[in-house]
$ cat my_file_27.cif   # mmCIF, C-alpha atoms and all ligand atoms
data_input
loop_
_atom_site.label_atom_id
_atom_site.label_comp_id
_atom_site.auth_asym_id
_atom_site.auth_seq_id
_atom_site.Cartn_x
_atom_site.Cartn_y
_atom_site.Cartn_z
CA MET A 286 -5.14 14.63 -15.94
CA THR A 287 -5.91 17.43 -13.50
CA HIS A 288 -8.64 17.50 -10.89
CA ASP A 289 -9.59 21.04 -10.14
CA THR A 290 -11.85 21.77 -7.25
CA THR A 291 -15.42 22.90 -7.48
CA GLY A 292 -14.91 25.04 -4.36
CA ASP A 293 -12.50 27.89 -3.71
CA LEU A 294 -8.82 27.18 -3.84
CA VAL A 295 -7.91 28.08 -0.28
CA GLU A 296 -4.31 26.94 -0.19
CA ASP A 297 -1.66 27.43 -2.78
CA ARG A 298 1.43 26.00 -1.08
CA GLY A 299 3.20 23.53 -3.36
CA ALA A 300 0.78 21.79 -5.69
CA PHE A 301 0.30 18.08 -5.04
CA SER A 302 0.79 15.39 -7.61
CA ILE A 303 -0.61 12.03 -6.60
CA TYR A 304 0.11 8.73 -8.32
CA GLY A 305 -3.16 6.88 -8.40
CA HIS A 306 -5.45 4.57 -10.35
CA TRP A 307 -9.11 5.04 -11.26
CA ARG A 308 -10.21 1.96 -9.25
CA SER A 309 -7.93 2.45 -6.25
CA ASN A 310 -9.80 2.57 -2.99
CA ALA A 311 -6.88 4.21 -1.24
CA MET A 312 -6.72 6.91 -3.92
CA TYR A 313 -10.49 7.42 -3.64
CA ARG A 314 -10.02 8.37 0.04
CA LEU A 315 -7.64 11.13 -0.93
CA ARG A 316 -9.81 12.35 -3.79
CA VAL A 317 -12.75 12.82 -1.40
CA ALA A 318 -10.70 14.53 1.32
CA LEU A 319 -9.04 16.96 -1.08
CA ALA A 320 -12.35 17.78 -2.78
CA LEU A 321 -14.04 18.40 0.59
CA LYS A 322 -11.24 20.78 1.52
CA GLY A 323 -11.17 22.51 -1.85
CA VAL A 324 -7.55 21.64 -2.59
CA SER A 325 -6.46 21.15 -6.19
CA TYR A 326 -4.04 18.42 -7.22
CA ARG A 327 -2.91 16.46 -10.23
CA GLU A 328 -3.58 12.73 -10.43
CA ILE A 329 -0.98 10.76 -12.36
CA PRO A 330 -2.33 7.38 -13.47
CA VAL A 331 -0.40 4.21 -12.65
CA ASP A 332 -1.87 1.20 -14.46
CA ILE A 333 -2.05 -1.33 -11.64
CA ASP A 334 -3.79 -3.83 -13.92
CA ALA A 335 -0.77 -3.75 -16.23
CA GLY A 336 1.66 -4.05 -13.30
CA GLU A 337 3.13 -0.54 -13.60
CA GLN A 338 3.24 -0.35 -9.79
CA ARG A 339 6.01 -2.96 -9.87
CA SER A 340 8.16 -1.13 -12.42
CA PRO A 341 11.57 -0.03 -11.08
CA GLU A 342 10.55 3.57 -11.71
CA PHE A 343 7.45 3.32 -9.54
CA LEU A 344 9.08 1.14 -6.87
CA ALA A 345 11.56 3.97 -6.40
CA ARG A 346 8.55 6.10 -5.42
CA ASN A 347 6.89 3.46 -3.26
CA PRO A 348 8.82 0.22 -2.60
CA MET A 349 5.50 -1.32 -1.50
CA GLY A 350 4.37 -1.15 -5.13
CA ALA A 351 1.06 0.54 -4.37
CA VAL A 352 -0.81 3.78 -4.97
CA PRO A 353 -1.35 6.44 -3.78
CA ALA A 354 2.02 8.17 -3.60
CA LEU A 355 1.95 11.91 -3.07
CA VAL A 356 4.74 14.16 -4.29
CA GLU A 357 5.19 17.89 -3.83
CA ASP A 358 7.92 20.46 -4.18
CA GLY A 359 10.50 17.90 -5.33
CA LEU A 360 10.38 16.19 -1.91
CA PRO A 361 10.49 12.40 -1.46
CA PRO A 362 7.07 10.77 -1.98
CA LEU A 363 4.67 10.20 0.89
CA THR A 364 2.57 7.04 0.88
CA GLN A 365 -0.17 5.22 2.85
CA SER A 366 -3.61 6.75 2.46
CA LEU A 367 -4.36 7.04 6.20
CA ALA A 368 -1.11 8.91 6.78
CA LEU A 369 -1.91 11.07 3.77
CA LEU A 370 -5.42 11.83 5.05
CA GLU A 371 -3.91 12.98 8.34
CA TYR A 372 -1.33 15.05 6.45
CA VAL A 373 -4.04 16.71 4.37
CA GLU A 374 -6.04 17.35 7.55
CA GLU A 375 -3.10 19.07 9.23
CA ARG A 376 -2.03 21.04 6.17
CA PHE A 377 -5.56 22.17 5.30
CA PRO A 378 -7.53 22.48 8.54
CA GLN A 379 -10.60 24.02 6.89
CA ARG A 380 -13.66 21.77 6.98
CA PRO A 381 -12.20 19.43 9.63
CA LEU A 382 -12.44 15.71 8.93
CA LEU A 383 -11.58 14.71 12.49
CA PRO A 384 -13.65 15.52 15.60
CA ALA A 385 -12.49 18.21 18.04
CA ASP A 386 -12.24 15.80 21.01
CA ALA A 387 -9.59 13.13 21.55
CA ARG A 388 -12.07 10.32 22.15
CA GLY A 389 -14.00 11.22 19.02
CA ARG A 390 -10.78 11.23 16.98
CA ALA A 391 -9.90 7.80 18.36
CA ARG A 392 -13.31 6.44 17.34
CA VAL A 393 -13.11 7.92 13.85
CA ARG A 394 -9.59 6.56 13.38
CA SER A 395 -10.69 3.14 14.60
CA ILE A 396 -13.40 3.00 11.93
CA ALA A 397 -10.90 4.15 9.31
CA CYS A 398 -8.50 1.41 10.46
CA ASP A 399 -11.24 -1.24 10.36
CA VAL A 400 -11.46 -0.50 6.65
CA ALA A 401 -7.95 0.52 5.62
CA CYS A 402 -5.91 -1.79 7.88
CA ASP A 403 -8.11 -4.85 8.47
CA THR A 404 -10.36 -5.18 5.41
CA HIS A 405 -9.05 -3.54 2.24
CA PRO A 406 -5.53 -5.11 2.41
CA LEU A 407 -7.06 -8.58 2.05
CA ILE A 408 -8.29 -7.89 -1.46
CA VAL A 409 -5.65 -5.64 -3.07
CA PRO A 410 -4.27 -6.71 -6.48
CA ARG A 411 -1.00 -8.14 -5.11
CA VAL A 412 -2.96 -10.42 -2.77
CA ARG A 413 -5.29 -11.41 -5.62
CA LYS A 414 -2.30 -12.11 -7.86
CA TYR A 415 -0.62 -14.34 -5.27
CA ALA A 416 -3.87 -16.17 -4.50
CA THR A 417 -4.78 -16.79 -8.13
CA THR A 418 -1.29 -17.66 -9.39
CA THR A 419 0.93 -19.05 -6.62
CA LEU A 420 -1.94 -20.58 -4.64
CA GLY A 421 -3.97 -21.50 -7.72
CA LEU A 422 -7.37 -20.11 -6.67
CA ASP A 423 -9.78 -19.86 -9.61
CA GLN A 424 -11.88 -16.72 -10.20
CA ASP A 425 -14.92 -18.10 -8.33
CA ALA A 426 -12.78 -18.92 -5.31
CA TRP A 427 -11.22 -15.47 -5.46
CA ARG A 428 -14.62 -13.78 -5.61
CA ALA A 429 -15.78 -15.87 -2.63
CA TRP A 430 -12.63 -14.73 -0.77
CA ALA A 431 -13.29 -11.07 -1.61
CA ALA A 432 -17.00 -11.24 -0.74
CA HIS A 433 -16.14 -12.94 2.56
CA TRP A 434 -13.60 -10.38 3.71
CA VAL A 435 -15.39 -7.28 2.44
CA GLY A 436 -18.66 -8.67 3.87
CA THR A 437 -17.02 -9.40 7.23
CA GLY A 438 -15.57 -5.90 7.32
CA MET A 439 -18.92 -4.30 6.48
CA GLU A 440 -20.80 -6.40 9.04
CA SER A 441 -18.38 -5.39 11.77
CA LEU A 442 -18.77 -1.73 10.80
CA GLU A 443 -22.55 -2.14 10.87
CA ALA A 444 -22.37 -3.60 14.38
CA LYS A 445 -20.04 -0.84 15.58
CA LEU A 446 -22.19 1.94 14.12
CA LYS A 447 -25.49 0.47 15.29
CA ALA A 448 -24.29 0.00 18.86
CA SER A 449 -22.85 3.46 19.43
CA PRO A 450 -24.68 6.60 20.55
CA ASP A 451 -21.89 8.52 18.79
CA THR A 452 -23.21 7.45 15.39
CA GLY A 453 -25.31 10.21 13.88
CA ARG A 454 -26.19 11.24 10.36
CA TYR A 455 -22.66 10.13 9.56
CA CYS A 456 -20.34 7.52 11.09
CA HIS A 457 -19.46 9.93 13.87
CA GLY A 458 -22.03 12.56 14.74
CA ASP A 459 -23.49 14.81 12.10
CA SER A 460 -20.35 15.83 10.23
CA ILE A 461 -18.39 14.01 7.57
CA THR A 462 -15.15 12.55 8.87
CA ILE A 463 -12.35 10.32 7.68
CA ALA A 464 -14.49 7.40 8.92
CA ASP A 465 -17.12 8.13 6.25
CA ILE A 466 -14.45 8.50 3.59
CA CYS A 467 -12.98 5.08 4.36
CA ALA A 468 -16.32 3.33 4.89
CA SER A 469 -17.77 4.59 1.62
CA GLY A 470 -14.78 3.16 -0.23
CA MET A 471 -15.70 -0.31 1.00
CA ALA A 472 -19.14 0.01 -0.52
CA MET A 473 -17.48 1.12 -3.77
CA ILE A 474 -15.44 -2.11 -3.85
CA GLY A 475 -18.66 -4.07 -3.52
CA ARG A 476 -20.12 -2.23 -6.53
CA ILE A 477 -17.00 -2.54 -8.71
CA PHE A 478 -16.60 -6.27 -8.19
CA LYS A 479 -20.37 -6.91 -7.97
CA LEU A 480 -19.88 -8.78 -4.70
CA ASP A 481 -22.78 -10.42 -2.94
CA LEU A 482 -22.59 -8.61 0.41
CA PRO A 483 -24.68 -8.81 3.59
CA ALA A 484 -27.32 -6.19 4.35
CA THR A 485 -25.91 -3.34 6.43
CA PRO A 486 -28.78 -0.85 6.83
CA THR A 487 -27.12 1.61 9.24
CA LEU A 488 -23.98 1.79 7.17
CA THR A 489 -25.90 1.95 3.89
CA ALA A 490 -28.03 4.90 5.06
CA ILE A 491 -24.87 6.81 6.02
CA LEU A 492 -23.12 6.00 2.78
CA ASP A 493 -26.14 7.02 0.70
CA ARG A 494 -26.02 10.35 2.55
CA CYS A 495 -22.31 10.71 1.74
CA MET A 496 -22.97 10.08 -1.93
CA GLU A 497 -25.30 13.09 -1.99
CA ASP A 498 -22.16 15.20 -1.55
CA PRO A 499 -20.40 15.85 -4.89
CA ALA A 500 -17.00 15.37 -3.22
CA PHE A 501 -17.90 11.69 -2.73
CA ALA A 502 -19.89 11.18 -5.90
CA GLU A 503 -17.22 12.68 -8.15
CA ALA A 504 -14.42 10.64 -6.53
CA GLU A 505 -16.18 7.36 -7.40
CA ALA A 506 -14.09 4.95 -9.43
CA SER A 507 -16.63 4.83 -12.25
CA ARG A 508 -16.30 8.62 -12.71
CA GLN A 509 -12.52 8.61 -13.20
CA PRO A 510 -10.66 8.78 -16.50
CA GLY A 511 -9.63 5.24 -17.44
CA ALA A 512 -12.69 3.56 -15.90
CA PRO A 513 -14.57 1.22 -18.25
CA GLN A 514 -17.58 2.95 -19.78
CA GLY A 515 -21.11 1.59 -19.74
N1 LIG B 601 -2.46 0.58 2.83
C1 LIG B 601 -2.24 1.24 1.57
C2 LIG B 601 -2.81 0.37 0.47
C3 LIG B 601 -2.28 0.77 -0.86
C4 LIG B 601 -2.73 -0.22 -1.92
O1 LIG B 601 -2.67 -1.44 -1.73
N2 LIG B 601 -3.18 0.32 -3.06
C5 LIG B 601 -3.64 -0.54 -4.11
C6 LIG B 601 -4.74 0.12 -4.91
S1 LIG B 601 -6.10 0.50 -3.83
C7 LIG B 601 -2.49 -0.84 -5.05
O2 LIG B 601 -1.86 0.06 -5.57
N3 LIG B 601 -2.26 -2.12 -5.26
C8 LIG B 601 -1.25 -2.58 -6.17
C9 LIG B 601 -0.98 -4.04 -5.92
O3 LIG B 601 -1.53 -4.60 -4.97
O4 LIG B 601 -0.23 -4.61 -6.70
C10 LIG B 601 -2.91 2.61 1.58
O5 LIG B 601 -3.90 2.77 2.31
O6 LIG B 601 -2.44 3.52 0.88
#
$ encode --input "my_file_27.cif" --output "structure tokens"
Amino acid sequence: MTHDTTGDLVEDRGAFSIYGHWRSNAMYRLRVALALKGVSYREIPVDIDAGEQRSPEFLARNPMGAVPALVEDGLPPLTQSLALLEYVEERFPQRPLLPADARGRARVRSIACDVACDTHPLIVPRVRKYATTTLGLDQDAWRAWAAHWVGTGMESLEAKLKASPDTGRYCHGDSITIADICASGMAMIGRIFKLDLPATPTLTAILDRCMEDPAFAEAEASRQPGAPQG
């Protein structure tokens, strides 16, 4: 499966292959960033519902047993979506996804970390598997867990965005940044799992604006090969 860009291909150094999964929030972040920058790549599906991420072959790529894992030029894989977003930003500086000033970059990274470090990890498949097998949570209890932690994460983002004069049309000012990429992924989780989430008007208005950009809309889980139809 190959994702070609809709924009110009501005960089042709070593094509990327990225191990991903249609529903993966972490993979979604990379899809959006690469589309915004007009960089082509190949997405190689890893079936995380079937446990392929724990196969010896995949664990050799990422011992954490998680996607995304980016490979290029026969080099060892790179993992962790936030590190990969920064790598993409440095390799392809066109259409910057981080602000020009240090304080702005710190704020954008803090929003990205609220999502990718403090919210998303609480609901990834390996946590769900442990909770529903080893700890014996039933599906209703699991959904309550997921709604609680995604809801808490979104409420804290709402408070942060609402309180700051740095919030603009997007999470930081009037340009799309890594903060918007990570935040919009949280909303996608809510849609996929049909979670009952609190109202977050500031965040929702920003995310609706993001979804007007094809780079976001086309990266959506439901638009990926392998996603359930209908
Ligand atoms: N912190 C990692 C999270 C990676 C991660 O947990 N990916 C999920 C899909 S979004 C996964 O592959 N999970 C497999 C599992 O939990 O078994 C990142 O941002 O890349």
$ residues_near_ligand --input "my_file_27.cif" --ligand "ligand LIG 601 (chain B)" --cutoff "9 Å" --atoms "all atoms listed in the file" --output "PyMOL selection string"
chain A and resi 305-306+308-314+331-334+336-339+349-354+364-369+401-402+405-406+408-414
$ write_last_selection --input "my_file_27.cif" --atoms "C-alpha atoms" --output "JSON list (two decimals), keeping the file's coordinate frame"
[["chain", "number", "residue", "atom", "x", "y", "z"],
["A", 305, "GLY", "CA", -3.16, 6.88, -8.40],
["A", 306, "HIS", "CA", -5.45, 4.57, -10.35],
["A", 308, "ARG", "CA", -10.21, 1.96, -9.25],
["A", 309, "SER", "CA", -7.93, 2.45, -6.25],
["A", 310, "ASN", "CA", -9.80, 2.57, -2.99],
["A", 311, "ALA", "CA", -6.88, 4.21, -1.24],
["A", 312, "MET", "CA", -6.72, 6.91, -3.92],
["A", 313, "TYR", "CA", -10.49, 7.42, -3.64],
["A", 314, "ARG", "CA", -10.02, 8.37, 0.04],
["A", 331, "VAL", "CA", -0.40, 4.21, -12.65],
["A", 332, "ASP", "CA", -1.87, 1.20, -14.46],
["A", 333, "ILE", "CA", -2.05, -1.33, -11.64],
["A", 334, "ASP", "CA", -3.79, -3.83, -13.92],
["A", 336, "GLY", "CA", 1.66, -4.05, -13.30],
["A", 337, "GLU", "CA", 3.13, -0.54, -13.60],
["A", 338, "GLN", "CA", 3.24, -0.35, -9.79],
["A", 339, "ARG", "CA", 6.01, -2.96, -9.87],
["A", 349, "MET", "CA", 5.50, -1.32, -1.50],
["A", 350, "GLY", "CA", 4.37, -1.15, -5.13],
["A", 351, "ALA", "CA", 1.06, 0.54, -4.37],
["A", 352, "VAL", "CA", -0.81, 3.78, -4.97],
["A", 353, "PRO", "CA", -1.35, 6.44, -3.78],
["A", 354, "ALA", "CA", 2.02, 8.17, -3.60],
["A", 364, "THR", "CA", 2.57, 7.04, 0.88],
["A", 365, "GLN", "CA", -0.17, 5.22, 2.85],
["A", 366, "SER", "CA", -3.61, 6.75, 2.46],
["A", 367, "LEU", "CA", -4.36, 7.04, 6.20],
["A", 368, "ALA", "CA", -1.11, 8.91, 6.78],
["A", 369, "LEU", "CA", -1.91, 11.07, 3.77],
["A", 401, "ALA", "CA", -7.95, 0.52, 5.62],
["A", 402, "CYS", "CA", -5.91, -1.79, 7.88],
["A", 405, "HIS", "CA", -9.05, -3.54, 2.24],
["A", 406, "PRO", "CA", -5.53, -5.11, 2.41],
["A", 408, "ILE", "CA", -8.29, -7.89, -1.46],
["A", 409, "VAL", "CA", -5.65, -5.64, -3.07],
["A", 410, "PRO", "CA", -4.27, -6.71, -6.48],
["A", 411, "ARG", "CA", -1.00, -8.14, -5.11],
["A", 412, "VAL", "CA", -2.96, -10.42, -2.77],
["A", 413, "ARG", "CA", -5.29, -11.41, -5.62],
["A", 414, "LYS", "CA", -2.30, -12.11, -7.86]]
$ atom_distance --input "my_file_27.cif" --atom1 "CA of Ile461 in chain A" --atom2 "CA of Arg376 in chain A"
17.9 Å
$ closest_residue --input "my_file_27.cif" --among "A:Pro378, A:Gly458, A:Pro499, A:Pro483" --to "Ala432 in chain A" --atoms "all atoms listed in the file"
A:Pro483
$ closest_residue --input "my_file_27.cif" --among "A:Gly475, A:Ala318, A:Met439, A:Thr452" --to "Glu375 in chain A" --atoms "all atoms listed in the file"
A:Ala318
$ residues_around --input "my_file_27.cif" --residues "Ser441 in chain A" --least-positions-apart "5" --cutoff "9 Å" --atoms "only C-alpha atoms" --output "CSV table (one decimal) with C-alpha atoms, in the coordinates of the input"
chain,number,residue,atom,x,y,z
A,399,ASP,CA,-11.2,-1.2,10.4
A,436,GLY,CA,-18.7,-8.7,3.9
A,446,LEU,CA,-22.2,1.9,14.1
$ atom_distance --input "my_file_27.cif" --atom1 "CA of Tyr326 in chain A" --atom2 "CA of Phe377 in chain A"
13.2 Å
$ atom_distance --input "my_file_27.cif" --atom1 "CA of Gln509 in chain A" --atom2 "CA of Ala320 in chain A"
13.9 Å
$ residues_around --input "my_file_27.cif" --residues "Pro381 in chain A" --least-positions-apart "3" --cutoff "12 Å" --atoms "all atoms listed in the file" --output "JSON list (two decimals) with C-alpha atoms, in the frame of the given file"
[["chain", "number", "residue", "atom", "x", "y", "z"],
["A", 318, "ALA", "CA", -10.70, 14.53, 1.32],
["A", 319, "LEU", "CA", -9.04, 16.96, -1.08],
["A", 321, "LEU", "CA", -14.04, 18.40, 0.59],
["A", 322, "LYS", "CA", -11.24, 20.78, 1.52],
["A", 323, "GLY", "CA", -11.17, 22.51, -1.85],
["A", 370, "LEU", "CA", -5.42, 11.83, 5.05],
["A", 371, "GLU", "CA", -3.91, 12.98, 8.34],
["A", 373, "VAL", "CA", -4.04, 16.71, 4.37],
["A", 374, "GLU", "CA", -6.04, 17.35, 7.55],
["A", 375, "GLU", "CA", -3.10, 19.07, 9.23],
["A", 376, "ARG", "CA", -2.03, 21.04, 6.17],
["A", 377, "PHE", "CA", -5.56, 22.17, 5.30],
["A", 378, "PRO", "CA", -7.53, 22.48, 8.54],
["A", 384, "PRO", "CA", -13.65, 15.52, 15.60],
["A", 385, "ALA", "CA", -12.49, 18.21, 18.04],
["A", 386, "ASP", "CA", -12.24, 15.80, 21.01],
["A", 390, "ARG", "CA", -10.78, 11.23, 16.98],
["A", 460, "SER", "CA", -20.35, 15.83, 10.23],
["A", 461, "ILE", "CA", -18.39, 14.01, 7.57],
["A", 462, "THR", "CA", -15.15, 12.55, 8.87],
["A", 463, "ILE", "CA", -12.35, 10.32, 7.68]]
$ closest_residue --input "my_file_27.cif" --among "A:Pro510, A:Gly421, A:Gly438, A:Pro361" --to "Cys398 in chain A" --atoms "only C-alpha atoms"
A:Gly438
$ axis_aligned_box --input "my_file_27.cif" --around "range 419-436 of chain A" --padding-each-side "4 Å" --output "lines of an AutoDock Vina configuration file"
center_x = -8.9
center_y = -14.4
center_z = -3.2
size_x = 27.6
size_y = 22.2
size_z = 22.1
$ residues_around --input "my_file_27.cif" --residues "Asp481 in chain A" --least-positions-apart "2" --cutoff "12 Å" --atoms "only C-alpha atoms" --output "compact mmCIF listing (two decimals) with C-alpha atoms, in the frame of the given file"
# COMPACT_ATOMS: atom_id res chain seq x y z
CA ARG A 428 -14.62 -13.78 -5.61
CA ALA A 429 -15.78 -15.87 -2.63
CA TRP A 430 -12.63 -14.73 -0.77
CA ALA A 431 -13.29 -11.07 -1.61
CA ALA A 432 -17.00 -11.24 -0.74
CA HIS A 433 -16.14 -12.94 2.56
CA TRP A 434 -13.60 -10.38 3.71
CA VAL A 435 -15.39 -7.28 2.44
CA GLY A 436 -18.66 -8.67 3.87
CA THR A 437 -17.02 -9.40 7.23
CA MET A 439 -18.92 -4.30 6.48
CA ALA A 472 -19.14 0.01 -0.52
CA ILE A 474 -15.44 -2.11 -3.85
CA GLY A 475 -18.66 -4.07 -3.52
CA ARG A 476 -20.12 -2.23 -6.53
CA ILE A 477 -17.00 -2.54 -8.71
CA PHE A 478 -16.60 -6.27 -8.19
CA LYS A 479 -20.37 -6.91 -7.97
CA PRO A 483 -24.68 -8.81 3.59
CA ALA A 484 -27.32 -6.19 4.35
$ residues_near_point --input "my_file_27.cif" --point "(5.9, 21.3, -5.3)" --cutoff "12 Å" --atoms "all atoms listed in the file" --output "PyMOL selection string"
chain A and resi 297-303+326-327+355-362
$ closest_residue --input "my_file_27.cif" --among "A:Leu422, A:Ser507, A:Met471, A:Arg346" --to "Glu440 in chain A" --atoms "all atoms listed in the file"
A:Met471
$ closest_residue --input "my_file_27.cif" --among "A:Leu315, A:Leu344, A:Cys456, A:Ala426" --to "Phe501 in chain A" --atoms "only C-alpha atoms"
A:Leu315
